[in-house]
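Shown below: input_2.cif, with mmCIF, C-alpha atoms and all ligand atoms.
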data_input
#
loop_
_atom_site.label_atom_id
_atom_site.label_comp_id
_atom_site.auth_asym_id
_atom_site.auth_seq_id
_atom_site.Cartn_x
_atom_site.Cartn_y
_atom_site.Cartn_z
CA MET W 13 0.00 0.00 0.00
CA ASN W 14 1.29 3.51 -0.73
CA ARG W 15 2.06 6.05 1.99
CA ARG W 16 -1.10 8.03 1.34
CA LEU W 17 -3.32 5.00 1.95
CA GLN W 18 -1.11 3.97 4.87
CA ALA W 19 -1.70 7.37 6.50
CA ILE W 20 -5.45 6.84 6.08
CA GLU W 21 -5.23 3.36 7.61
CA ASN W 22 -3.28 4.78 10.57
CA MET W 23 -6.20 7.10 11.34
CA ILE W 24 -8.76 4.29 11.52
CA VAL W 25 -9.60 3.13 15.02
CA PRO W 26 -11.28 -0.20 15.83
CA GLY W 27 -15.03 0.13 15.55
CA ILE W 28 -18.21 -1.57 14.40
CA GLY W 29 -17.61 -1.05 10.71
CA MET W 30 -15.75 0.87 8.03
CA ILE W 31 -16.74 1.64 4.47
CA ASP W 32 -14.18 2.66 1.87
CA VAL W 33 -16.09 4.66 -0.74
CA GLY W 34 -14.47 4.61 -4.18
CA THR W 35 -12.27 1.72 -3.13
CA ASP W 36 -10.77 1.09 -6.58
CA HIS W 37 -8.37 -1.84 -5.99
CA GLY W 38 -9.64 -2.37 -2.46
CA TYR W 39 -6.17 -1.93 -0.97
CA LEU W 40 -7.45 -0.19 2.17
CA PRO W 41 -10.09 -2.72 3.29
CA VAL W 42 -7.77 -5.62 2.39
CA SER W 43 -5.01 -4.12 4.50
CA LEU W 44 -7.39 -3.47 7.41
CA ALA W 45 -8.63 -7.07 7.25
CA ARG W 46 -5.02 -8.30 7.22
CA HIS W 47 -4.19 -6.19 10.24
CA GLY W 48 -7.11 -7.50 12.28
CA TYR W 49 -9.62 -4.65 12.10
CA PRO W 50 -12.40 -6.08 14.30
CA GLY W 51 -15.53 -4.60 12.68
CA ALA W 52 -17.36 -5.16 9.43
CA LEU W 53 -15.62 -4.03 6.24
CA PHE W 54 -17.35 -2.59 3.19
CA ALA W 55 -15.98 -1.39 -0.11
CA SER W 56 -18.04 0.54 -2.61
CA ASP W 57 -17.26 1.76 -6.09
CA ILE W 58 -19.32 3.23 -8.90
CA GLY W 59 -17.26 1.34 -11.48
CA GLU W 60 -17.66 -2.35 -12.15
CA GLY W 61 -14.00 -2.69 -13.21
CA PRO W 62 -12.52 -1.20 -10.02
CA LEU W 63 -14.88 -3.20 -7.80
CA SER W 64 -13.99 -6.45 -9.59
CA ALA W 65 -10.31 -5.63 -9.07
CA ALA W 66 -11.00 -5.07 -5.38
CA ARG W 67 -12.84 -8.38 -5.13
CA ARG W 68 -9.98 -10.18 -6.89
CA ASN W 69 -7.39 -8.62 -4.55
CA ALA W 70 -9.40 -9.61 -1.48
CA GLU W 71 -9.80 -13.17 -2.79
CA ALA W 72 -6.09 -13.40 -3.62
CA ALA W 73 -5.34 -12.44 -0.01
CA GLY W 74 -7.78 -15.11 1.23
CA LEU W 75 -10.06 -12.35 2.54
CA GLY W 76 -12.87 -12.49 -0.01
CA ASP W 77 -15.47 -13.30 2.67
CA ARG W 78 -14.25 -10.63 5.04
CA ILE W 79 -15.25 -7.63 2.88
CA ALA W 80 -18.71 -6.82 1.48
CA PHE W 81 -18.54 -5.19 -1.96
CA GLN W 82 -21.12 -2.68 -3.14
CA LEU W 83 -21.44 -1.55 -6.74
CA CYS W 84 -23.07 1.85 -6.38
CA ASP W 85 -22.72 5.61 -6.19
CA GLY W 86 -21.03 6.50 -2.89
CA LEU W 87 -23.00 5.42 0.16
CA ALA W 88 -26.20 4.45 -1.70
CA LEU W 89 -26.09 0.78 -0.61
CA CYS W 90 -24.52 1.33 2.79
CA ASP W 91 -26.56 0.24 5.80
CA PRO W 92 -26.20 3.16 8.24
CA ALA W 93 -26.25 0.81 11.24
CA SER W 94 -23.31 -1.24 10.03
CA VAL W 95 -20.58 1.43 9.99
CA ASP W 96 -19.10 4.12 12.18
CA THR W 97 -16.16 5.05 9.95
CA ILE W 98 -16.60 6.38 6.42
CA VAL W 99 -13.49 6.78 4.28
CA ILE W 100 -13.68 8.75 1.03
CA ALA W 101 -10.26 9.20 -0.54
CA GLY W 102 -8.56 9.83 -3.83
CA MET W 103 -11.34 11.88 -5.43
CA GLY W 104 -11.99 15.56 -6.03
CA GLY W 105 -13.33 17.61 -3.12
CA ASP W 106 -16.51 18.40 -5.05
CA THR W 107 -17.17 14.71 -5.77
CA ILE W 108 -16.75 13.94 -2.05
CA CYS W 109 -19.24 16.72 -1.17
CA GLY W 110 -21.75 15.21 -3.61
CA ILE W 111 -21.39 11.75 -2.06
CA LEU W 112 -21.96 13.14 1.45
CA ASP W 113 -24.83 15.34 0.28
CA ARG W 114 -26.65 12.34 -1.19
CA ALA W 115 -26.36 10.34 2.06
CA GLU W 116 -28.16 12.54 4.55
CA TRP W 117 -28.07 9.78 7.17
CA SER W 118 -24.30 10.26 7.43
CA MET W 119 -24.88 13.70 9.00
CA HIS W 120 -24.81 12.29 12.51
CA PRO W 121 -22.13 12.43 15.24
CA ARG W 122 -21.81 8.63 15.33
CA TYR W 123 -19.93 8.68 12.02
CA ARG W 124 -16.31 9.65 11.76
CA LEU W 125 -15.40 10.70 8.25
CA ILE W 126 -11.84 10.24 7.02
CA LEU W 127 -11.38 12.32 3.90
CA GLN W 128 -8.57 12.73 1.44
CA PRO W 129 -9.43 15.05 -1.45
CA MET W 130 -7.05 14.99 -4.42
CA THR W 131 -8.17 18.39 -5.65
CA ARG W 132 -10.47 21.20 -4.47
CA ALA W 133 -9.95 20.51 -0.76
CA GLU W 134 -11.25 24.04 -0.13
CA VAL W 135 -14.65 23.12 -1.57
CA LEU W 136 -14.87 20.14 0.78
CA ARG W 137 -13.75 22.03 3.91
CA TYR W 138 -16.20 24.82 3.06
CA TRP W 139 -19.01 22.28 2.68
CA LEU W 140 -18.11 20.64 6.00
CA VAL W 141 -17.95 23.81 8.10
CA ASN W 142 -21.18 25.05 6.53
CA ASN W 143 -22.97 21.80 7.28
CA GLU W 144 -22.23 21.63 11.01
CA TYR W 145 -19.18 19.41 10.79
CA VAL W 146 -16.10 19.83 12.91
CA ILE W 147 -12.76 18.92 11.36
CA GLU W 148 -11.13 17.02 14.22
CA GLU W 149 -7.73 16.07 12.80
CA GLU W 150 -5.57 17.32 9.95
CA HIS W 151 -2.55 15.38 8.70
CA LEU W 152 -0.13 15.70 5.82
CA VAL W 153 1.54 12.84 4.01
CA GLU W 154 4.16 12.83 1.30
CA ASP W 155 3.80 10.26 -1.45
CA SER W 156 5.69 10.17 -4.76
CA GLY W 157 6.77 13.80 -4.43
CA GLU W 158 3.30 15.16 -3.60
CA ILE W 159 2.00 16.31 -0.23
CA TYR W 160 -1.55 15.16 0.50
CA ALA W 161 -3.96 16.37 3.18
CA VAL W 162 -5.87 13.70 5.09
CA PHE W 163 -8.40 14.80 7.67
CA SER W 164 -11.21 13.55 9.85
CA ALA W 165 -14.54 15.22 10.49
CA ARG W 166 -17.64 14.63 12.56
CA PHE W 167 -21.11 16.09 12.32
CA GLY W 168 -22.58 18.15 15.15
CA GLY W 169 -20.70 21.28 16.04
CA SER W 170 -19.47 24.53 14.72
CA MET W 171 -16.09 25.49 13.41
CA LYS W 172 -14.70 28.56 11.78
CA LEU W 173 -11.87 28.54 9.28
CA LYS W 174 -10.03 31.48 7.76
CA ASP W 175 -10.28 31.62 3.96
CA ALA W 176 -6.68 30.41 3.68
CA GLU W 177 -7.38 27.50 6.03
CA LEU W 178 -10.03 26.20 3.63
CA TYR W 179 -7.11 25.50 1.29
CA THR W 180 -4.54 24.25 3.80
CA GLY W 181 -6.47 23.01 6.83
CA ALA W 182 -6.56 24.76 10.22
CA PHE W 183 -3.12 26.24 10.91
CA ALA W 184 -3.17 25.30 14.61
CA MET W 185 -3.91 21.64 13.81
CA LEU W 186 -1.08 21.46 11.30
CA GLU W 187 1.71 22.88 13.46
CA GLN W 188 2.72 19.43 14.68
CA GLU W 189 2.94 18.03 11.14
CA PRO W 190 6.55 17.76 9.95
CA LEU W 191 5.44 18.55 6.39
CA TRP W 192 3.54 21.70 7.34
CA PRO W 193 6.28 24.26 6.56
CA ALA W 194 6.84 22.72 3.11
CA PHE W 195 3.11 22.48 2.39
CA LEU W 196 2.54 26.04 3.58
CA ALA W 197 5.40 27.34 1.42
CA LYS W 198 3.89 25.59 -1.60
CA GLN W 199 0.42 27.06 -1.02
CA HIS W 200 1.92 30.49 -0.32
CA GLY W 201 3.87 30.36 -3.60
CA ARG W 202 0.75 29.31 -5.47
CA PHE W 203 -1.26 32.24 -4.13
CA ARG W 204 1.54 34.73 -4.70
CA LYS W 205 1.62 33.67 -8.35
CA LEU W 206 -2.16 33.78 -8.65
CA LEU W 207 -2.25 37.26 -7.11
CA LEU W 208 0.43 38.53 -9.47
CA GLY W 209 -1.52 37.21 -12.47
CA LEU W 210 -4.76 38.81 -11.27
CA ARG W 211 -3.04 42.16 -10.61
CA GLN W 212 -1.42 42.14 -14.04
CA SER W 213 -4.67 41.26 -15.82
CA GLY W 214 -6.66 43.93 -13.96
CA ARG W 215 -9.74 41.75 -14.32
CA GLU W 216 -11.93 40.07 -11.67
CA PRO W 217 -11.64 42.69 -8.88
CA GLY W 218 -13.78 40.60 -6.51
CA ARG W 219 -11.54 37.58 -6.94
CA LEU W 220 -8.46 39.76 -6.60
CA GLU W 221 -9.63 40.92 -3.18
CA LEU W 222 -10.29 37.35 -2.02
CA VAL W 223 -6.93 36.08 -3.28
CA GLU W 224 -5.18 39.08 -1.72
CA GLY W 225 -6.72 38.25 1.66
CA ILE W 226 -5.72 34.58 1.41
CA GLN W 227 -2.20 35.51 0.32
CA GLN W 228 -1.87 37.79 3.35
CA GLU W 229 -3.08 35.06 5.73
CA LEU W 230 -0.58 32.61 4.24
CA GLU W 231 2.18 35.25 4.37
CA LYS W 232 1.54 35.88 8.06
CA GLU W 233 1.58 32.17 8.88
CA SER W 234 4.72 31.64 6.77
CA MET W 235 6.59 34.31 8.76
CA LYS W 236 6.63 31.91 11.72
CA TYR W 237 8.83 29.58 9.69
CA ALA W 238 10.85 32.20 7.83
CA ASP W 239 14.20 31.45 9.50
CA GLY W 240 13.52 27.71 9.77
CA THR W 241 12.50 27.92 13.42
CA ARG W 242 9.09 28.42 14.91
CA ASP W 243 8.62 31.91 16.34
CA LEU W 244 6.48 31.17 19.41
C1 LIG H 1 -8.57 7.47 -7.99
S1 LIG H 1 -9.54 6.21 -7.33
C2 LIG H 1 -9.17 6.30 -5.61
C3 LIG H 1 -9.04 4.93 -5.01
C4 LIG H 1 -8.75 4.90 -3.52
N1 LIG H 1 -9.89 5.39 -2.77
C5 LIG H 1 -7.52 5.71 -3.20
O1 LIG H 1 -7.63 6.71 -2.48
O2 LIG H 1 -6.42 5.34 -3.66
C6 LIG H 1 -11.17 6.84 -7.38
C7 LIG H 1 -12.23 5.74 -7.36
O3 LIG H 1 -13.46 6.32 -6.97
C8 LIG H 1 -14.50 5.76 -7.74
N2 LIG H 1 -15.61 6.71 -7.72
C9 LIG H 1 -15.69 7.91 -8.32
N3 LIG H 1 -16.89 8.48 -8.04
C10 LIG H 1 -17.54 7.62 -7.22
C11 LIG H 1 -18.81 7.64 -6.60
N4 LIG H 1 -19.64 8.66 -6.76
N5 LIG H 1 -19.16 6.58 -5.83
C12 LIG H 1 -18.33 5.53 -5.67
N6 LIG H 1 -17.11 5.45 -6.25
C13 LIG H 1 -16.73 6.49 -7.00
C14 LIG H 1 -13.85 5.53 -9.10
O4 LIG H 1 -14.54 4.55 -9.83
C15 LIG H 1 -12.44 5.08 -8.69
O5 LIG H 1 -12.35 3.68 -8.56
#

Let's see the structure in the file written out as structure tokens.
Amino acid sequence: MNRRLQAIENMIVPGIGMIDVGTDHGYLPVSLARHGYPGALFASDIGEGPLSAARRNAEAAGLGDRIAFQLCDGLALCDPASVDTIVIAGMGGDTICGILDRAEWSMHPRYRLILQPMTRAEVLRYWLVNNEYVIEEEHLVEDSGEIYAVFSARFGGSMKLKDAELYTGAFAMLEQEPLWPAFLAKQHGRFRKLLLGLRQSGREPGRLELVEGIQQELEKESMKYADGTRDL
């Protein structure tokens, strides 16, 4: 299993059941079964090909009976009583929002979501904080030269994030992450470039203002790491 999926597995705690939505090859549930996860294991995928691959991998590991496979959109076939952990990883943030939106039952504090958006993480964090979710943990993992955000969330609370934190995750939660300074520098560079482009074009004044604000928030946070040491 790659480091990204390993980081997700490390966040899963023993419980009554876990569903891996968009399982593709089924690496996560197979690994959990191998490592003695005590609850029920489910793997769903919208594609017949990926789900067959997952089934084959589970069977090859002698774990075919341990995992229930569901060919469907997101959580459509998931029995709400059978899981307490919902993993949705490796998809765009907007796709993840759609999956959660279509499964209203999952908006309940008994479910811990473990999410790993590949793109548009800001859309997902915005959706979560505007739908009474609290992001409980934020982690960063490096895999094949990329830094990925993996976070957990639970329904039933309120949380505020700065505009910049929608893109990066809450600054305070990320301070303990060894990859945070590198990730922050990357996001800061991205927004500096975006801001420069918007200023030069003179178009989209509303967007310019938003990007300017985010750039300033990232700049301020980056100052703490400017000389390589945390300025406490
Ligand atoms: C790039 S793979 C990610 C696999 C694995 N979760 C990971 O993180 O490595 C995305 C998978 O999500 C599936 N998928 C996309 N939209 C889906 C949806 N709405 N419901 C279920 N599966 C979906 C795709 O068929 C594909 O197998």

Taking every listed atom of range 121-132 of chain W and adding 5 Å to each side, what centre and edge lengths in Å (one decimal) does the axis-aligned box have, as JSON?
{"center_x": -14.6, "center_y": 14.9, "center_z": 4.8, "size_x": 25.1, "size_y": 22.6, "size_z": 31.0}

With all atoms listed in the file as the atoms that count, which of W:Glu187, W:Asp85, W:Glu21, W:Asp77 lies nearest to ligand LIG 1 (chain H)? W:Asp85

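The smallest atom-to-atom distance between ligand LIG 1 (chain H) and any of W:Ser118, W:Ser56, W:Thr180, W:Ser234, using all atoms listed in the file, is found for W:Ser56.
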
Atomic separation - CA of Leu17 in chain W relative to atom C7 of ligand LIG 1 (chain H), Å: 12.9 Å

Using only C-alpha atoms and all ligand atoms, what table do you get, as JSON lines, when you list each residue of chain W with an atom no more than 10 Å from ligand LIG 1 (chain H), its nearest pair of atoms, and their distance in Å rounded to one decimal, rows by chain then rising number?
{"residue": "W:Met13", "atom": "CA", "partner": "H:LIG1", "partner_atom": "O2", "distance": 9.1}
{"residue": "W:Asn14", "atom": "CA", "partner": "H:LIG1", "partner_atom": "O2", "distance": 8.4}
{"residue": "W:Arg16", "atom": "CA", "partner": "H:LIG1", "partner_atom": "O1", "distance": 7.7}
{"residue": "W:Leu17", "atom": "CA", "partner": "H:LIG1", "partner_atom": "O1", "distance": 6.4}
{"residue": "W:Ile20", "atom": "CA", "partner": "H:LIG1", "partner_atom": "O1", "distance": 8.8}
{"residue": "W:Asp32", "atom": "CA", "partner": "H:LIG1", "partner_atom": "N1", "distance": 6.9}
{"residue": "W:Val33", "atom": "CA", "partner": "H:LIG1", "partner_atom": "C12", "distance": 5.5}
{"residue": "W:Gly34", "atom": "CA", "partner": "H:LIG1", "partner_atom": "O3", "distance": 3.4}
{"residue": "W:Thr35", "atom": "CA", "partner": "H:LIG1", "partner_atom": "N1", "distance": 4.4}
{"residue": "W:Asp36", "atom": "CA", "partner": "H:LIG1", "partner_atom": "O5", "distance": 3.6}
{"residue": "W:His37", "atom": "CA", "partner": "H:LIG1", "partner_atom": "C3", "distance": 6.9}
{"residue": "W:Gly38", "atom": "CA", "partner": "H:LIG1", "partner_atom": "C4", "distance": 7.4}
{"residue": "W:Tyr39", "atom": "CA", "partner": "H:LIG1", "partner_atom": "C4", "distance": 7.7}
{"residue": "W:Leu40", "atom": "CA", "partner": "H:LIG1", "partner_atom": "C4", "distance": 7.7}
{"residue": "W:Ala55", "atom": "CA", "partner": "H:LIG1", "partner_atom": "C12", "distance": 9.2}
{"residue": "W:Ser56", "atom": "CA", "partner": "H:LIG1", "partner_atom": "C12", "distance": 5.9}
{"residue": "W:Asp57", "atom": "CA", "partner": "H:LIG1", "partner_atom": "N6", "distance": 3.7}
{"residue": "W:Ile58", "atom": "CA", "partner": "H:LIG1", "partner_atom": "C12", "distance": 4.1}
{"residue": "W:Gly59", "atom": "CA", "partner": "H:LIG1", "partner_atom": "O4", "distance": 4.5}
{"residue": "W:Glu60", "atom": "CA", "partner": "H:LIG1", "partner_atom": "O4", "distance": 7.9}
{"residue": "W:Gly61", "atom": "CA", "partner": "H:LIG1", "partner_atom": "O4", "distance": 8.0}
{"residue": "W:Pro62", "atom": "CA", "partner": "H:LIG1", "partner_atom": "O5", "distance": 5.1}
{"residue": "W:Leu63", "atom": "CA", "partner": "H:LIG1", "partner_atom": "O5", "distance": 7.4}
{"residue": "W:Ala65", "atom": "CA", "partner": "H:LIG1", "partner_atom": "O5", "distance": 9.5}
{"residue": "W:Ala66", "atom": "CA", "partner": "H:LIG1", "partner_atom": "O5", "distance": 9.4}
{"residue": "W:Gln82", "atom": "CA", "partner": "H:LIG1", "partner_atom": "C12", "distance": 9.0}
{"residue": "W:Leu83", "atom": "CA", "partner": "H:LIG1", "partner_atom": "C12", "distance": 7.8}
{"residue": "W:Cys84", "atom": "CA", "partner": "H:LIG1", "partner_atom": "C12", "distance": 6.0}
{"residue": "W:Asp85", "atom": "CA", "partner": "H:LIG1", "partner_atom": "N5", "distance": 3.7}
{"residue": "W:Gly86", "atom": "CA", "partner": "H:LIG1", "partner_atom": "N5", "distance": 3.5}
{"residue": "W:Leu87", "atom": "CA", "partner": "H:LIG1", "partner_atom": "N5", "distance": 7.2}
{"residue": "W:Ala88", "atom": "CA", "partner": "H:LIG1", "partner_atom": "N5", "distance": 8.4}
{"residue": "W:Val99", "atom": "CA", "partner": "H:LIG1", "partner_atom": "N1", "distance": 8.0}
{"residue": "W:Ile100", "atom": "CA", "partner": "H:LIG1", "partner_atom": "N1", "distance": 6.3}
{"residue": "W:Ala101", "atom": "CA", "partner": "H:LIG1", "partner_atom": "O1", "distance": 4.1}
{"residue": "W:Gly102", "atom": "CA", "partner": "H:LIG1", "partner_atom": "O1", "distance": 3.5}
{"residue": "W:Met103", "atom": "CA", "partner": "H:LIG1", "partner_atom": "C6", "distance": 5.4}
{"residue": "W:Gly104", "atom": "CA", "partner": "H:LIG1", "partner_atom": "C9", "distance": 8.8}
{"residue": "W:Thr107", "atom": "CA", "partner": "H:LIG1", "partner_atom": "N4", "distance": 6.6}
{"residue": "W:Ile108", "atom": "CA", "partner": "H:LIG1", "partner_atom": "N4", "distance": 7.6}
{"residue": "W:Cys109", "atom": "CA", "partner": "H:LIG1", "partner_atom": "N4", "distance": 9.8}
{"residue": "W:Gly110", "atom": "CA", "partner": "H:LIG1", "partner_atom": "N4", "distance": 7.6}
{"residue": "W:Ile111", "atom": "CA", "partner": "H:LIG1", "partner_atom": "N4", "distance": 5.9}
{"residue": "W:Leu112", "atom": "CA", "partner": "H:LIG1", "partner_atom": "N4", "distance": 9.6}
{"residue": "W:Arg114", "atom": "CA", "partner": "H:LIG1", "partner_atom": "N4", "distance": 9.7}
{"residue": "W:Leu127", "atom": "CA", "partner": "H:LIG1", "partner_atom": "O1", "distance": 9.3}
{"residue": "W:Gln128", "atom": "CA", "partner": "H:LIG1", "partner_atom": "O1", "distance": 7.2}
{"residue": "W:Pro129", "atom": "CA", "partner": "H:LIG1", "partner_atom": "O1", "distance": 8.6}
{"residue": "W:Met130", "atom": "CA", "partner": "H:LIG1", "partner_atom": "C1", "distance": 8.5}

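Counting all atoms listed in the file and comparing W:Arg78, W:Lys198, W:Arg124, W:Lys172, the residue that lies closest to Glu158 in chain W is W:Lys198.
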
Here is a test: counting all atoms listed in the file, which residue of W:Val162, W:Ile79, W:Leu222, W:Met119 is nearest to Glu150 in chain W? W:Val162

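The nearest approach to Ala52 in chain W among the residues W:Val95, W:Leu210, W:Ile226, W:Cys90, with all atoms listed in the file taken into account, belongs to W:Val95.
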
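Minimum atom-to-atom distance to Val141 in chain W, evaluated using all atoms listed in the file, belongs to W:Lys174 out of W:Arg215, W:Arg68, W:Lys174, W:Lys236.
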
Please, what distance in Å, to one decimal, runs between CA of Arg202 in chain W and CA of Glu229 in chain W? 13.2 Å

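At a cut-off of 12 Å from (-16.2, 27.9, 10.6), the residue set is Arg137, Tyr138, Trp139, Leu140, Val141, Asn142, Asn143, Glu144, Tyr145, Val146, Ile147, Gly169, Ser170, Met171, Lys172, Leu173, Lys174, Asp175, Glu177, Leu178, Gly181 and Ala182 of chain W (counting all atoms listed in the file).
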